[in-house]
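The file start01.pdb contains PDB, C-alpha atoms:
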ATOM      1  CA  MET A  27       0.000   0.000   0.000
ATOM      2  CA  ASP A  28       1.349   3.377  -0.881
ATOM      3  CA  ALA A  29       2.502   5.143   2.284
ATOM      4  CA  VAL A  30       1.223   8.555   1.168
ATOM      5  CA  LEU A  31      -2.251   7.244   0.397
ATOM      6  CA  GLN A  32      -2.365   5.248   3.628
ATOM      7  CA  GLY A  33      -1.145   8.258   5.596
ATOM      8  CA  LEU A  34      -3.801  10.523   4.121
ATOM      9  CA  PHE A  35      -6.507   7.941   4.759
ATOM     10  CA  ASP A  36      -5.325   7.624   8.370
ATOM     11  CA  VAL A  37      -5.620  11.401   8.806
ATOM     12  CA  VAL A  38      -9.120  11.395   7.281
ATOM     13  CA  CYS A  39     -10.224   8.580   9.602
ATOM     14  CA  ASP A  40      -8.686  10.364  12.588
ATOM     15  CA  ARG A  41     -10.628  13.540  11.741
ATOM     16  CA  LYS A  42     -13.809  11.485  11.625
ATOM     17  CA  ALA A  43     -13.082   9.949  15.038
ATOM     18  CA  HIS A  44     -11.640  13.123  16.598
ATOM     19  CA  PRO A  45     -13.178  16.224  14.979
ATOM     20  CA  GLN A  46     -11.064  19.371  14.991
ATOM     21  CA  GLU A  47     -12.536  22.811  14.631
ATOM     22  CA  GLY A  48     -11.606  24.461  11.362
ATOM     23  CA  SER A  49     -10.801  21.192   9.591
ATOM     24  CA  TYR A  50     -12.215  20.912   6.064
ATOM     25  CA  THR A  51     -12.406  17.148   6.458
ATOM     26  CA  CYS A  52     -14.478  17.547   9.628
ATOM     27  CA  TYR A  53     -16.693  20.041   7.818
ATOM     28  CA  LEU A  54     -17.420  17.409   5.164
ATOM     29  CA  PHE A  55     -18.278  14.800   7.800
ATOM     30  CA  GLU A  56     -20.513  17.300   9.636
ATOM     31  CA  ARG A  57     -22.404  18.155   6.453
ATOM     32  CA  GLY A  58     -22.957  14.484   5.725
ATOM     33  CA  LEU A  59     -23.069  12.097   2.833
ATOM     34  CA  ASP A  60     -24.880  14.421   0.428
ATOM     35  CA  LYS A  61     -22.123  17.042   0.728
ATOM     36  CA  ILE A  62     -19.381  14.437   0.369
ATOM     37  CA  LEU A  63     -21.031  12.968  -2.724
ATOM     38  CA  LYS A  64     -21.519  16.425  -4.201
ATOM     39  CA  LYS A  65     -17.784  17.077  -3.801
ATOM     40  CA  VAL A  66     -16.897  13.715  -5.377
ATOM     41  CA  GLY A  67     -19.101  14.632  -8.340
ATOM     42  CA  GLU A  68     -17.611  18.109  -8.659
ATOM     43  CA  GLU A  69     -14.056  16.821  -8.484
ATOM     44  CA  SER A  70     -14.839  14.095 -11.029
ATOM     45  CA  ALA A  71     -16.126  16.697 -13.482
ATOM     46  CA  GLU A  72     -13.143  18.967 -12.839
ATOM     47  CA  THR A  73     -10.775  16.049 -13.444
ATOM     48  CA  ILE A  74     -12.469  15.302 -16.760
ATOM     49  CA  ILE A  75     -12.254  18.930 -17.876
ATOM     50  CA  ALA A  76      -8.602  19.259 -16.838
ATOM     51  CA  ALA A  77      -7.696  16.070 -18.704
ATOM     52  CA  LYS A  78      -9.599  17.235 -21.780
ATOM     53  CA  ASN A  79      -7.719  20.544 -21.669
ATOM     54  CA  GLY A  80      -4.445  18.626 -21.659
ATOM     55  CA  VAL A  81      -2.741  20.588 -18.881
ATOM     56  CA  GLN A  82      -0.933  17.895 -16.919
ATOM     57  CA  GLU A  83      -0.278  19.989 -13.799
ATOM     58  CA  GLU A  84      -3.957  20.919 -13.565
ATOM     59  CA  THR A  85      -5.016  17.324 -14.171
ATOM     60  CA  VAL A  86      -2.709  16.063 -11.409
ATOM     61  CA  GLY A  87      -4.202  18.616  -9.015
ATOM     62  CA  GLU A  88      -7.763  17.622  -9.856
ATOM     63  CA  ILE A  89      -6.982  13.905  -9.589
ATOM     64  CA  SER A  90      -5.488  14.611  -6.165
ATOM     65  CA  ASP A  91      -8.652  16.458  -5.115
ATOM     66  CA  LEU A  92     -10.786  13.577  -6.378
ATOM     67  CA  ILE A  93      -8.752  10.950  -4.549
ATOM     68  CA  TYR A  94      -8.949  12.967  -1.316
ATOM     69  CA  HIS A  95     -12.742  13.251  -1.573
ATOM     70  CA  LEU A  96     -13.022   9.537  -2.396
ATOM     71  CA  LEU A  97     -11.037   8.782   0.765
ATOM     72  CA  VAL A  98     -13.473  10.937   2.749
ATOM     73  CA  LEU A  99     -16.351   8.997   1.171
ATOM     74  CA  MET A 100     -14.706   5.703   2.052
ATOM     75  CA  ALA A 101     -14.219   6.786   5.658
ATOM     76  CA  ALA A 102     -17.817   8.010   5.871
ATOM     77  CA  GLN A 103     -19.043   4.646   4.585
ATOM     78  CA  GLY A 104     -16.661   2.579   6.709
ATOM     79  CA  ILE A 105     -14.820   1.205   3.689
ATOM     80  CA  PRO A 106     -11.196   0.375   4.544
ATOM     81  CA  LEU A 107      -8.469   1.238   2.075
ATOM     82  CA  GLU A 108      -7.483  -2.435   2.101
ATOM     83  CA  ALA A 109     -10.878  -3.399   0.632
ATOM     84  CA  VAL A 110     -10.276  -1.232  -2.417
ATOM     85  CA  ALA A 111      -6.691  -2.486  -2.741
ATOM     86  CA  ALA A 112      -7.938  -6.081  -2.585
ATOM     87  CA  GLU A 113     -10.558  -5.408  -5.252
ATOM     88  CA  LEU A 114      -7.983  -3.792  -7.541
ATOM     89  CA  ALA A 115      -5.646  -6.748  -7.015
ATOM     90  CA  ARG A 116      -8.470  -9.163  -7.812
ATOM     91  CA  ARG A 117      -9.283  -7.287 -10.997
ATOM     92  CA  SER A 118      -5.645  -7.168 -12.088
ATOM     93  CA  GLU A 119      -5.564 -10.973 -12.059
ATOM     94  CA  LYS A 120      -8.417 -11.277 -14.552
ATOM     95  CA  ILE A 121      -7.541 -12.743 -17.893
ATOM     96  CA  GLY A 122     -10.031 -12.545 -20.694
ATOM     97  CA  ASN A 123     -10.938 -10.999 -23.967
ATOM     98  CA  LEU A 124     -11.971  -7.393 -24.423
ATOM     99  CA  LYS A 125     -15.649  -8.294 -24.789
ATOM    100  CA  GLN A 126     -15.635 -10.000 -21.380
ATOM    101  CA  LEU A 127     -13.858  -7.032 -19.805
ATOM    102  CA  HIS A 128     -16.424  -4.620 -21.224
ATOM    103  CA  GLN A 129     -19.249  -6.814 -19.890
ATOM    104  CA  THR A 130     -17.624  -6.714 -16.445
ATOM    105  CA  ASP A 131     -17.468  -2.900 -16.671
ATOM    106  CA  ARG A 132     -21.196  -2.733 -17.453
ATOM    107  CA  GLU A 133     -22.017  -4.969 -14.484
ATOM    108  CA  THR A 134     -20.028  -2.918 -11.978
TER     109      THR A 134
END

Take the structure I supplied and represent it as structure tokens, if you would.
Amino acid sequence: MDAVLQGLFDVVCDRKAHPQEGSYTCYLFERGLDKILKKVGEESAETIIAAKNGVQEETVGEISDLIYHLLVLMAAQGIPLEAVAAELARRSEKIGNLKQLHQTDRET
């Protein structure tokens, strides 16, 4: 597991367990799932636009924002980082033709 990602997730989970005044992460938890999901949606759209515009530095920034908000969502839903890592590992072991892979994408 990447140490930076794990470290950030640990901080997010700590903010959920031990709220700190003035923390943006705590603000998201206080506002609830709808606010968190809204931010995930916004950051997804901003990532798409940045990538379309072809400015790598901007795209990296937006991807970073998206990953952060996804980590907040995971913490809010009680999804451990290890569960996502395990799912990615499981998917990386799949062997099949493109048609089967596209069918899997439609089912998930």

Could you tell me which of A:Ala77, A:Ala71, A:Leu34, A:Ala29 comes closest to Tyr94 (chain A) if we count only C-alpha atoms?
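Ranking A:Ala77, A:Ala71, A:Leu34, A:Ala29 by distance to Tyr94 (chain A), first place goes to A:Leu34.
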
Distance of CA of Leu96 (chain A) from CA of Ile74 (chain A), expressed in Å to one decimal place:
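According to the coordinates, CA of Ile74 (chain A) and CA of Leu96 (chain A) are separated by 15.5 Å.
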
Please provide the set of residues having any atom within 8 Å of Phe55 (chain A), restricted to all atoms listed in the file, with same-chain residues fewer than 3 positions apart removed, written as an NGL selection string.
:A and (42 or 51-52 or 58-59 or 62 or 98 or 102)

What residues come out when you apply the PyMOL selection byres ((chain A and resi 41) around 12) to this file, written as a PyMOL selection string?
chain A and resi 34-40+42-56+97-98+101-102

Report, as AutoDock Vina command-line options, the axis-aligned box around all atoms of region 97-101 of chain A present in the file, extended by 4 Å on each side; give centre and edge lengths in Å to one decimal place.
--center_x -13.7 --center_y 8.3 --center_z 3.2 --size_x 13.3 --size_y 13.2 --size_z 12.9

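Those residues that approach region 63-69 of chain A to within 7 Å, counting all atoms listed in the file, are Leu59, Thr73, Glu88, Asp91, Leu92, His95 and Leu96 of chain A; same-chain residues fewer than 4 positions away are not listed.
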
Pick the closest to Leu107 (chain A) from A:Lys78, A:Ile93, A:Lys120, A:Lys61: which is it, counting all atoms listed in the file?
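The shortest atom-to-atom distance to Leu107 (chain A) comes from A:Ile93.
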
For a test of reading the model, state the distance in Å between CA of Gly33 (chain A) and CA of Pro106 (chain A), rounded to one decimal.
12.8 Å
